[in-house]
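For reference, input.cif is printed below; it contains mmCIF, C-alpha atoms.
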```cif
data_data
loop_
_atom_site.label_atom_id
_atom_site.label_comp_id
_atom_site.auth_asym_id
_atom_site.auth_seq_id
_atom_site.Cartn_x
_atom_site.Cartn_y
_atom_site.Cartn_z
CA MET K 1 120.09 25.08 -29.04
CA ALA K 2 119.75 28.31 -30.97
CA ALA K 3 116.89 30.80 -30.67
CA ILE K 4 115.64 29.91 -34.16
CA ASP K 5 115.21 26.26 -33.13
CA ILE K 6 113.10 27.27 -30.12
CA LEU K 7 110.95 29.56 -32.33
CA ILE K 8 110.38 26.73 -34.81
CA TYR K 9 109.46 24.26 -32.05
CA ILE K 10 106.97 26.74 -30.55
CA CYS K 11 105.29 27.51 -33.90
CA LEU K 12 105.03 23.81 -34.85
CA THR K 13 103.56 22.95 -31.45
CA ILE K 14 100.93 25.71 -31.70
CA GLY K 15 99.99 24.56 -35.20
CA VAL K 16 99.63 20.88 -34.30
CA VAL K 17 97.71 21.65 -31.09
CA PHE K 18 95.13 23.82 -32.89
CA ASN K 19 94.75 21.25 -35.69
CA THR K 20 94.11 18.63 -33.00
CA LEU K 21 91.46 20.86 -31.38
CA GLY K 22 89.76 21.28 -34.76
CA VAL K 23 89.56 17.55 -35.41
CA VAL K 24 88.40 16.81 -31.84
CA GLY K 25 85.66 19.43 -32.32
CA LEU K 26 84.70 17.78 -35.61
CA LEU K 27 84.23 14.48 -33.79
CA ARG K 28 82.61 15.87 -30.62
CA PHE K 29 80.13 18.61 -31.51
CA PRO K 30 76.47 17.63 -31.92
CA ASP K 31 75.41 19.16 -35.27
CA LEU K 32 76.69 20.37 -38.63
CA TYR K 33 77.03 24.11 -37.94
CA THR K 34 78.91 23.77 -34.65
CA ARG K 35 81.25 21.23 -36.28
CA MET K 36 81.87 23.77 -39.01
CA HIS K 37 82.90 26.32 -36.36
CA ALA K 38 85.56 23.94 -35.07
CA THR K 39 86.96 22.89 -38.44
CA THR K 40 86.99 26.30 -40.15
CA LYS K 41 88.62 28.34 -37.40
CA ALA K 42 90.91 25.86 -35.69
CA THR K 43 92.22 24.06 -38.79
CA THR K 44 92.87 27.33 -40.64
CA PHE K 45 94.75 28.78 -37.68
CA GLY K 46 96.78 25.59 -37.16
CA SER K 47 97.72 25.33 -40.84
CA ILE K 48 98.67 29.02 -40.91
CA PHE K 49 101.08 28.38 -38.04
CA THR K 50 102.67 25.24 -39.55
CA SER K 51 103.17 27.12 -42.84
CA LEU K 52 104.51 30.16 -40.97
CA THR K 53 107.15 27.87 -39.47
CA VAL K 54 108.33 26.96 -42.97
CA VAL K 55 108.40 30.67 -43.95
CA VAL K 56 110.51 31.56 -40.90
CA TYR K 57 112.85 28.60 -41.51
CA GLY K 58 113.31 29.49 -45.20
CA LEU K 59 113.97 33.18 -44.47
CA TYR K 60 116.46 32.28 -41.71
CA LEU K 61 118.42 29.96 -44.02
CA PHE K 62 118.28 32.55 -46.84
CA PHE K 63 119.87 35.21 -44.64
CA THR K 64 122.52 32.89 -43.13
CA VAL K 65 123.46 30.55 -46.01
CA ASN K 66 122.48 33.09 -48.74
CA ASP K 67 121.19 30.46 -51.15
CA SER K 68 118.27 31.76 -53.23
CA GLN K 69 116.38 28.44 -53.26
CA TYR K 70 115.46 29.03 -49.61
CA LEU K 71 113.91 32.38 -50.59
CA THR K 72 111.82 30.48 -53.14
CA LEU K 73 110.77 28.02 -50.42
CA ALA K 74 109.67 30.85 -48.09
CA ILE K 75 107.72 32.74 -50.78
CA HIS K 76 105.93 29.64 -52.04
CA ALA K 77 105.02 28.53 -48.52
CA PHE K 78 103.64 32.02 -47.83
CA LEU K 79 101.56 31.87 -51.02
CA ALA K 80 100.19 28.44 -50.08
CA MET K 81 99.25 29.84 -46.66
CA ALA K 82 97.41 32.80 -48.20
CA CYS K 83 95.48 30.48 -50.56
CA LEU K 84 94.56 28.23 -47.63
CA ALA K 85 93.26 31.01 -45.38
CA PHE K 86 91.20 32.59 -48.16
CA THR K 87 89.68 29.43 -49.65
CA ASN K 88 88.73 27.87 -46.30
CA ALA K 89 86.50 30.80 -45.31
CA VAL K 90 84.74 30.91 -48.69
CA SER K 91 84.10 27.17 -48.88
CA ALA K 92 82.77 27.13 -45.30
CA HIS K 93 80.25 29.85 -46.21
CA ALA K 94 79.22 27.99 -49.37
CA LEU K 95 78.72 24.69 -47.51
CA ALA K 96 76.75 26.33 -44.68
CA ARG K 97 74.44 28.09 -47.13
CA ALA K 98 73.92 24.91 -49.17
CA ALA K 99 73.19 22.85 -46.06
CA HIS K 100 70.59 25.36 -44.85
CA ARG K 101 68.96 25.45 -48.30
CA SER K 102 68.78 21.65 -48.40
CA GLY K 103 66.77 21.68 -45.16
CA ILE K 104 69.24 20.76 -42.41
CA MET K 105 68.26 22.90 -39.41
CA PRO K 106 70.66 23.65 -36.52
CA MET K 107 70.03 21.43 -33.49
CA LEU K 108 69.52 23.01 -30.02
CA ALA K 109 69.10 26.42 -31.65
CA VAL K 110 67.46 29.12 -29.53
CA VAL K 111 66.59 31.26 -32.57
CA ASP K 112 66.67 30.83 -36.38
CA ARG K 113 66.12 34.10 -38.25
CA LEU K 114 67.09 32.62 -41.64
CA ALA K 115 64.25 30.06 -41.56
CA GLU K 116 61.84 32.84 -40.53
CA ALA K 117 63.00 35.10 -43.38
CA LYS K 118 62.31 32.32 -45.98
CA LEU K 119 64.88 33.34 -48.58
CA MET C 1 92.18 49.05 -72.11
CA ILE C 2 92.46 49.72 -68.35
CA ALA C 3 90.98 46.28 -67.70
CA PHE C 4 93.67 44.68 -69.89
CA LEU C 5 96.48 46.61 -68.18
CA VAL C 6 95.26 45.80 -64.66
CA THR C 7 94.82 42.09 -65.39
CA ALA C 8 98.17 41.79 -67.18
CA GLY C 9 99.92 43.70 -64.38
CA ALA C 10 98.45 41.45 -61.69
CA ALA C 11 99.41 38.34 -63.67
CA PHE C 12 102.97 39.60 -64.22
CA LEU C 13 103.32 40.41 -60.50
CA MET C 14 102.16 36.88 -59.61
CA TYR C 15 104.67 35.40 -62.09
CA LEU C 16 107.48 37.48 -60.58
CA ILE C 17 106.56 36.33 -57.07
CA LEU C 18 106.47 32.67 -58.11
CA THR C 19 109.82 32.75 -59.93
CA ALA C 20 111.80 34.90 -57.47
CA GLY C 21 115.33 33.60 -56.96
CA SER C 22 115.93 32.28 -60.48
CA GLY C 23 118.72 34.59 -61.71
CA THR C 24 120.86 37.69 -61.36
CA ILE C 25 118.78 40.69 -62.62
CA GLY C 26 117.39 41.59 -59.22
CA PHE C 27 116.18 38.11 -58.29
CA TRP C 28 115.16 37.05 -61.81
CA SER C 29 116.84 35.72 -64.96
CA LEU C 30 116.29 37.31 -68.40
CA SER C 31 114.41 34.34 -69.91
CA GLU C 32 111.96 34.30 -66.99
CA LEU C 33 111.26 38.05 -67.41
CA VAL C 34 110.58 37.75 -71.18
CA MET C 35 108.39 34.69 -70.67
CA GLY C 36 106.54 36.48 -67.84
CA VAL C 37 105.70 39.49 -70.03
CA LEU C 38 104.42 37.24 -72.85
CA LEU C 39 102.30 35.09 -70.54
CA ALA C 40 100.95 38.17 -68.72
CA CYS C 41 99.79 39.72 -72.03
CA LEU C 42 98.10 36.44 -73.00
CA THR C 43 96.37 36.21 -69.61
CA GLY C 44 95.23 39.83 -69.86
CA LEU C 45 93.70 39.22 -73.29
CA ILE C 46 91.81 36.13 -72.13
CA ALA C 47 90.73 37.09 -68.61
CA ARG C 48 90.09 40.87 -68.66
CA ASN C 49 86.31 40.46 -68.94
CA PHE C 50 86.12 38.05 -65.98
CA LEU C 51 88.35 39.91 -63.55
CA CYS C 52 87.20 43.52 -64.14
CA ARG C 53 83.51 42.96 -64.63
CA SER C 54 82.15 46.00 -62.76
CA LYS C 55 84.33 48.68 -64.44
CA ASN C 56 85.11 50.12 -61.03
CA TYR C 57 88.81 50.58 -60.22
CA ARG C 58 88.68 51.97 -56.68
CA LEU C 59 91.01 49.26 -55.36
CA LEU C 60 93.82 50.68 -57.50
CA ASP C 61 94.07 53.52 -54.97
CA PRO C 62 97.34 52.85 -53.06
CA ARG C 63 95.90 54.11 -49.76
CA ARG C 64 93.24 51.36 -49.83
CA LEU C 65 95.84 48.67 -50.65
CA LEU C 66 98.08 49.93 -47.83
CA GLN C 67 95.16 49.76 -45.39
CA LEU C 68 94.44 46.21 -46.59
CA LEU C 69 98.07 45.28 -45.86
CA VAL C 70 97.74 46.71 -42.34
CA TYR C 71 94.30 45.16 -41.76
CA VAL C 72 95.15 41.51 -42.41
CA PRO C 73 98.12 41.04 -40.03
CA GLY C 74 96.84 43.63 -37.52
CA PRO C 75 93.23 43.71 -36.23
CA PHE C 76 92.13 40.71 -38.28
CA PHE C 77 94.86 38.44 -36.92
CA VAL C 78 94.11 39.53 -33.33
CA GLU C 79 90.44 38.58 -33.78
CA LEU C 80 91.49 35.27 -35.40
CA THR C 81 93.63 34.39 -32.38
CA LYS C 82 90.79 35.27 -30.01
CA ALA C 83 88.40 33.13 -32.10
CA ASN C 84 90.67 30.12 -31.79
CA LEU C 85 91.04 30.44 -28.01
CA ASP C 86 87.22 30.69 -27.87
CA VAL C 87 86.81 27.54 -30.02
CA ALA C 88 89.33 25.70 -27.83
CA TYR C 89 87.27 26.63 -24.75
CA ARG C 90 84.03 25.44 -26.39
CA VAL C 91 85.57 22.16 -27.60
CA ILE C 92 86.83 21.29 -24.13
CA THR C 93 83.83 22.41 -22.04
CA MET C 94 80.97 21.90 -24.61
CA LYS C 95 79.15 25.00 -23.28
CA ILE C 96 77.19 26.00 -26.41
CA ARG C 97 73.98 27.94 -27.02
CA PRO C 98 73.69 28.08 -30.83
CA GLY C 99 71.32 30.12 -32.96
CA ILE C 100 71.07 31.97 -36.28
CA ILE C 101 70.77 35.76 -35.89
CA ARG C 102 70.25 38.58 -38.37
CA VAL C 103 73.05 41.16 -38.53
CA HIS C 104 72.72 44.58 -40.13
CA SER C 105 75.95 45.23 -42.05
CA GLY C 106 75.45 48.79 -43.31
CA LEU C 107 77.72 48.13 -46.34
CA LYS C 108 76.59 48.70 -49.92
CA THR C 109 79.14 47.20 -52.32
CA ASP C 110 79.62 43.51 -53.15
CA LEU C 111 83.30 43.63 -52.20
CA GLY C 112 82.50 45.05 -48.77
CA ILE C 113 79.88 42.36 -48.06
CA PHE C 114 82.34 39.69 -49.24
CA MET C 115 85.11 40.91 -46.95
CA LEU C 116 82.77 41.27 -43.97
CA ALA C 117 81.35 37.74 -44.48
CA ASN C 118 84.85 36.25 -44.67
CA SER C 119 86.01 38.20 -41.62
CA ILE C 120 82.94 37.08 -39.67
CA THR C 121 83.56 33.43 -40.57
CA LEU C 122 87.05 33.57 -39.05
CA THR C 123 86.23 35.66 -35.95
CA PRO C 124 84.96 34.59 -32.49
CA GLY C 125 81.95 32.31 -32.33
CA THR C 126 80.35 33.34 -35.62
CA LEU C 127 79.87 31.75 -39.06
CA SER C 128 78.06 33.45 -41.94
CA VAL C 129 75.27 31.26 -43.36
CA GLY C 130 73.27 33.46 -45.72
CA ILE C 131 72.91 36.92 -47.25
CA ASP C 132 69.72 38.91 -47.81
CA GLU C 133 70.43 40.37 -51.25
CA ALA C 134 67.76 43.09 -50.99
CA THR C 135 68.91 44.76 -47.77
CA ASN C 136 72.53 43.45 -47.62
CA ASP C 137 71.89 41.89 -44.19
CA LEU C 138 73.88 38.85 -43.14
CA PHE C 139 72.58 35.74 -41.36
CA ILE C 140 75.13 34.58 -38.80
CA HIS C 141 75.28 31.24 -36.99
CA ASN C 142 76.45 32.18 -33.51
CA ILE C 143 77.79 29.40 -31.29
CA ASN C 144 76.94 31.26 -28.07
CA VAL C 145 73.99 33.65 -28.43
CA GLY C 146 74.05 36.25 -25.64
CA GLU C 147 71.20 36.32 -23.10
CA GLY C 148 68.28 38.30 -24.58
CA ASP C 149 69.80 38.57 -28.07
CA GLU C 150 67.42 35.91 -29.43
CA LYS C 151 64.48 38.31 -28.96
CA ARG C 152 66.02 41.19 -30.92
CA GLU C 153 65.14 41.37 -34.62
CA VAL C 154 68.40 42.88 -35.95
CA ILE C 155 71.86 43.17 -34.39
CA GLU C 156 74.43 45.77 -35.46
CA SER C 157 77.63 44.32 -36.95
CA THR C 158 79.90 46.30 -34.61
CA GLU C 159 78.51 44.38 -31.60
CA LEU C 160 80.03 41.10 -32.85
CA PHE C 161 83.66 42.14 -32.46
CA GLY C 162 85.24 42.76 -29.09
CA LEU C 163 88.65 44.35 -29.54
CA ALA C 164 88.81 46.03 -32.96
CA ASN C 165 86.13 47.73 -35.05
CA LEU C 166 86.39 45.54 -38.16
CA PRO C 167 83.33 46.90 -40.07
CA ALA C 168 84.83 50.42 -39.98
CA TRP C 169 88.12 49.08 -41.40
CA ILE C 170 86.25 47.25 -44.17
CA ARG C 171 84.26 50.39 -44.98
CA ARG C 172 87.48 52.38 -45.34
CA ILE C 173 89.06 49.71 -47.57
CA ALA C 174 86.18 48.71 -49.83
CA GLU C 175 83.83 51.70 -50.14
CA MET N 1 116.31 19.44 -36.30
CA ILE N 2 114.76 17.20 -38.99
CA ASP N 3 113.06 15.08 -36.32
CA ALA N 4 110.67 17.89 -35.29
CA TRP N 5 109.33 18.24 -38.86
CA VAL N 6 108.81 14.48 -39.24
CA LEU N 7 107.08 14.32 -35.86
CA ALA N 8 104.69 17.14 -36.85
CA VAL N 9 103.87 15.35 -40.14
CA LEU N 10 103.16 12.14 -38.19
CA CYS N 11 100.77 14.02 -35.86
CA LEU N 12 98.96 15.52 -38.86
CA THR N 13 98.62 12.04 -40.42
CA VAL N 14 96.98 10.69 -37.25
CA LEU N 15 94.60 13.69 -37.33
CA MET N 16 93.73 12.88 -40.96
CA ALA N 17 92.75 9.35 -39.90
CA LEU N 18 90.58 10.78 -37.10
CA ALA N 19 88.86 13.17 -39.53
CA ALA N 20 88.22 10.20 -41.83
CA VAL N 21 86.22 8.65 -38.97
CA ARG N 22 83.74 11.54 -39.29
CA LEU N 23 83.86 11.06 -43.08
CA VAL N 24 82.59 7.48 -42.60
CA LEU N 25 80.18 8.15 -39.70
CA GLY N 26 78.72 11.53 -40.75
CA PRO N 27 74.92 11.26 -40.73
CA THR N 28 74.32 13.75 -43.58
CA ALA N 29 76.10 14.68 -46.81
CA PRO N 30 77.32 18.16 -45.62
CA ASP N 31 78.95 16.47 -42.60
CA ARG N 32 80.97 14.29 -44.94
CA ALA N 33 81.79 17.34 -47.07
CA ILE N 34 83.28 19.31 -44.16
CA ALA N 35 85.22 16.21 -43.04
CA LEU N 36 86.67 15.96 -46.56
CA ASP N 37 87.51 19.67 -46.45
CA THR N 38 89.36 19.16 -43.16
CA VAL N 39 91.34 16.24 -44.61
CA ASN N 40 92.27 18.42 -47.60
CA THR N 41 93.53 21.24 -45.35
CA LEU N 42 95.63 18.81 -43.30
CA VAL N 43 97.08 17.27 -46.49
CA ILE N 44 98.15 20.73 -47.69
CA ALA N 45 99.75 21.58 -44.34
CA SER N 46 101.68 18.30 -44.22
CA MET N 47 102.78 18.67 -47.86
CA ILE N 48 104.40 22.04 -47.03
CA LEU N 49 106.19 20.43 -44.07
CA LEU N 50 107.30 17.47 -46.24
CA GLY N 51 108.81 19.97 -48.68
CA VAL N 52 111.22 20.96 -45.89
CA VAL N 53 111.90 17.35 -44.84
CA PHE N 54 112.84 16.17 -48.36
CA LYS N 55 114.30 19.58 -49.44
CA GLU N 56 112.05 19.65 -52.54
CA ILE N 57 110.36 22.99 -53.34
CA ILE N 58 108.14 21.26 -55.90
CA PHE N 59 106.14 19.79 -52.97
CA VAL N 60 105.04 23.31 -51.97
CA ASP N 61 104.00 24.14 -55.56
CA VAL N 62 101.94 20.95 -55.66
CA ALA N 63 100.35 22.00 -52.35
CA ILE N 64 99.24 25.34 -53.84
CA VAL N 65 97.63 23.66 -56.86
CA TYR N 66 96.06 20.97 -54.66
CA GLY N 67 94.54 23.64 -52.42
CA LEU N 68 93.00 25.57 -55.31
CA LEU N 69 91.61 22.38 -56.91
CA SER N 70 90.11 21.18 -53.62
CA PHE N 71 88.50 24.64 -53.22
CA VAL N 72 86.81 24.30 -56.63
CA SER N 73 85.63 20.76 -55.85
CA THR N 74 84.21 21.89 -52.49
CA LEU N 75 82.30 24.70 -54.22
CA TYR N 76 80.81 22.18 -56.66
CA ILE N 77 79.82 19.82 -53.83
CA ALA N 78 78.15 22.79 -52.10
CA LYS N 79 76.24 23.70 -55.26
CA TYR N 80 75.09 20.09 -55.61
CA ILE N 81 73.94 19.88 -51.97
CA GLY N 82 72.08 23.20 -52.26
CA GLY N 83 70.21 21.93 -55.32
CA GLU N 84 71.54 24.57 -57.74
CA LEU N 85 73.33 22.20 -60.14
#
```
I'd like the structure from this file rewritten - as structure tokens, please.
Amino acid sequence: MAAIDILIYICLTIGVVFNTLGVVGLLRFPDLYTRMHATTKATTFGSIFTSLTVVVYGLYLFFTVNDSQYLTLAIHAFLAMACLAFTNAVSAHALARAAHRSGIMPMLAVVDRLAEAKL
Amino acid sequence: MIAFLVTAGAAFLMYLILTAGSGTIGFWSLSELVMGVLLACLTGLIARNFLCRSKNYRLLDPRRLLQLLVYVPGPFFVELTKANLDVAYRVITMKIRPGIIRVHSGLKTDLGIFMLANSITLTPGTLSVGIDEATNDLFIHNINVGEGDEKREVIESTELFGLANLPAWIRRIAE
Amino acid sequence: MIDAWVLAVLCLTVLMALAAVRLVLGPTAPDRAIALDTVNTLVIASMILLGVVFKEIIFVDVAIVYGLLSFVSTLYIAKYIGGEL
């Protein structure tokens, strides 16, 4: 078993574990905003790690086999990862703002400055 | 004219990244390069008014771009890792004390607010919900409000981050 | 070596089914929207892994386009929920 195999196994395991935590949080948390915490952070981090595995694998094969299609694989996987990380944060903010505007208040909240400010 | 050049240059760079590994001139073939230049000019003509709306080109400064390249894999990724360990702890133990607090950002430009809101969404225990357009304050949903913080009117943005001072980085990059 | 990739894709598929449970149960519309967003993210991640399994780079390109389109659709759902559309 080479070092690259161990690296790939570790990265894939981290990715799948954090995706699992995100989905468990989505099912377990009591209200919309806390669920959004779980899905935004954990799923983004898990998907970044599974994509990073593909980038590492593609770069490794490019430098050993020296076939340029593996370079293409690595670059495209990296681009997909960048799109994913950027769009997830923006869409989470948009959904949270829309939910608060439509009148869904956070449960169990100790303080709500946005409702007091009445924007 | 600058707007056209910037947009066409960005489009051409994106085309080069997407078609890397197609030929022998560097990594590209001749037909891909010619096609890339043509498509980049077309994109620049169509999209220059959408992409460079504010007529402010401060992000062309290479020092700011270099700092952005250091910021994303450096302090930002550290905070992202910490955020995920925190979420894992909350998912397993269900110890939550949620609330929406008002955070004073101290930034003036739209780009700075945008980067701070995105960074806050991906860092420990916080999720940006709204923006006060008049004062540029952010409203943050915090999953674990600290004891006594619910009585304070405004919280400084540097108190949200533990390890690195992200608002100072964003101020250096965007303003 | 291939087995690890296929196993990861299988895990992600099970997670998609679990997220679909919240999509069906979710008491309010934004709950369903974030469940849909989660399913979209998992689909993109598994598409990138499937690109390695089948040795097809086109899968990764499709994942990029799918991600950008799902981003636009989520923004429109958010505008609709917030009453701005």
Residues near Asn19 of chain K, cut-off 9 Å, only C-alpha atoms, skip fewer than 4 positions along chain, as JSON, numbers by chain: {"K": [14, 15, 23, 24, 39, 42, 43, 44, 45, 46, 47], "N": [12, 15, 42]}
Put those residues in a file: C-alpha atoms, as a PDB file, keeping the file's coordinate frame.
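See out.pdb below for the written result:
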```
ATOM      1  CA  ILE K  14     100.930  25.710 -31.700  1.00  0.00           C
ATOM      2  CA  GLY K  15      99.990  24.560 -35.200  1.00  0.00           C
ATOM      3  CA  VAL K  23      89.560  17.550 -35.410  1.00  0.00           C
ATOM      4  CA  VAL K  24      88.400  16.810 -31.840  1.00  0.00           C
ATOM      5  CA  THR K  39      86.960  22.890 -38.440  1.00  0.00           C
ATOM      6  CA  ALA K  42      90.910  25.860 -35.690  1.00  0.00           C
ATOM      7  CA  THR K  43      92.220  24.060 -38.790  1.00  0.00           C
ATOM      8  CA  THR K  44      92.870  27.330 -40.640  1.00  0.00           C
ATOM      9  CA  PHE K  45      94.750  28.780 -37.680  1.00  0.00           C
ATOM     10  CA  GLY K  46      96.780  25.590 -37.160  1.00  0.00           C
ATOM     11  CA  SER K  47      97.720  25.330 -40.840  1.00  0.00           C
TER      12      SER K  47
ATOM     13  CA  LEU N  12      98.960  15.520 -38.860  1.00  0.00           C
ATOM     14  CA  LEU N  15      94.600  13.690 -37.330  1.00  0.00           C
ATOM     15  CA  LEU N  42      95.630  18.810 -43.300  1.00  0.00           C
TER      16      LEU N  42
END
```
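Every protein, DNA or RNA residue with an atom at most 9 Å from segment 60-75 of chain K, where all atoms listed in the file count and chain neighbours fewer than 4 positions away do not, is listed here: Ile4, Leu52, Val54, Val55, Val56, Leu79 and Ala80 of chain K; Ile17, Leu18, Thr19, Ala20, Gly21, Ser22, Gly23 and Phe27 of chain C; Gly51, Val52, Glu56, Ile57 and Val60 of chain N.
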One decimal, Å: what's the distance from atom CA of Gly44 of chain C over to atom CA of Leu65 of chain C, could you say? 21.2 Å
Name all residues at most 10 Å from Cys52 of chain C (count all atoms listed in the file; drop same-chain ones fewer than 4 positions away) and give them as a PyMOL selection string. chain C and resi 2-4+6-7+47-48+56-57
Using the chain letters and numbers from this file, what does the PyMOL selection byres ((chain K and resi 92) around 8) select? Give the answer as a ChimeraX atom specification. /K:36,40,88-91,93-96 /C:121 /N:34
I need the output of the PyMOL selection byres ((chain N and resi 35) around 12) for this file as number ranges by chain; which residues are they? K: 22-27, 32, 35-36, 38-40, 43, 92, 95; N: 15-34, 36-42, 74
Could you state which residues are captured by the PyMOL selection byres ((chain N and resi 49) around 8) in this file, as a list in words?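 Going through the file, the PyMOL selection byres ((chain N and resi 49) around 8) ends up selecting Thr50, Ser51 and Val54 of chain K; Trp5, Val9, Ala45, Ser46, Met47, Ile48, Leu50, Gly51, Val52 and Val53 of chain N.
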Provide the atom CA of Thr158 of chain C to atom CA of Pro75 of chain C distance in Å, to one decimal place.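 Going from atom CA of Thr158 of chain C over to atom CA of Pro75 of chain C, I get 13.7 Å.
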Measure the distance from atom CA of Ile155 of chain C to atom CA of His104 of chain C in Å and round it to one decimal.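 Distance between the two atoms: 6.0 Å.
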Which one is closest to chain C: K:Ala2, K:Leu21, K:Ile48, K:Met105? Count only C-alpha atoms.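 Closest to chain C of all the choices is K:Leu21.
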Write out as AutoDock Vina command-line options an axis-aligned box for segment 79-85 of chain K: all of its atoms listed in the file, 8 Å added on each side, centre and edge lengths in Å with one decimal.
```
--center_x 97.4 --center_y 30.5 --center_z -48.2 --size_x 24.3 --size_y 20.6 --size_z 21.6
```
Which residue, N:Ile64, N:Leu7, N:Tyr76, N:Ile44, has the smallest gap to chain C when you use all atoms listed in the file? N:Ile64
Closest to Leu127 of chain C among C:Ile113, C:Ala174, C:Val70, C:Ile143, using all atoms listed in the file?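 The closest residue to Leu127 of chain C is C:Ile143.
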Need the shell around Thr43 of chain C: protein/DNA/RNA residues with any atom at most 12 Å away, counting only C-alpha atoms. Skip same-chain ones fewer than 2 positions apart. Format as a CSV table (one decimal) with C-alpha atoms, keeping the file's coordinate frame?
```csv
chain,number,residue,atom,x,y,z
C,3,ALA,CA,91.0,46.3,-67.7
C,4,PHE,CA,93.7,44.7,-69.9
C,5,LEU,CA,96.5,46.6,-68.2
C,6,VAL,CA,95.3,45.8,-64.7
C,7,THR,CA,94.8,42.1,-65.4
C,8,ALA,CA,98.2,41.8,-67.2
C,9,GLY,CA,99.9,43.7,-64.4
C,10,ALA,CA,98.4,41.4,-61.7
C,11,ALA,CA,99.4,38.3,-63.7
C,12,PHE,CA,103.0,39.6,-64.2
C,14,MET,CA,102.2,36.9,-59.6
C,15,TYR,CA,104.7,35.4,-62.1
C,36,GLY,CA,106.5,36.5,-67.8
C,37,VAL,CA,105.7,39.5,-70.0
C,38,LEU,CA,104.4,37.2,-72.8
C,39,LEU,CA,102.3,35.1,-70.5
C,40,ALA,CA,101.0,38.2,-68.7
C,41,CYS,CA,99.8,39.7,-72.0
C,45,LEU,CA,93.7,39.2,-73.3
C,46,ILE,CA,91.8,36.1,-72.1
C,47,ALA,CA,90.7,37.1,-68.6
C,48,ARG,CA,90.1,40.9,-68.7
C,49,ASN,CA,86.3,40.5,-68.9
C,50,PHE,CA,86.1,38.0,-66.0
C,51,LEU,CA,88.4,39.9,-63.6
```
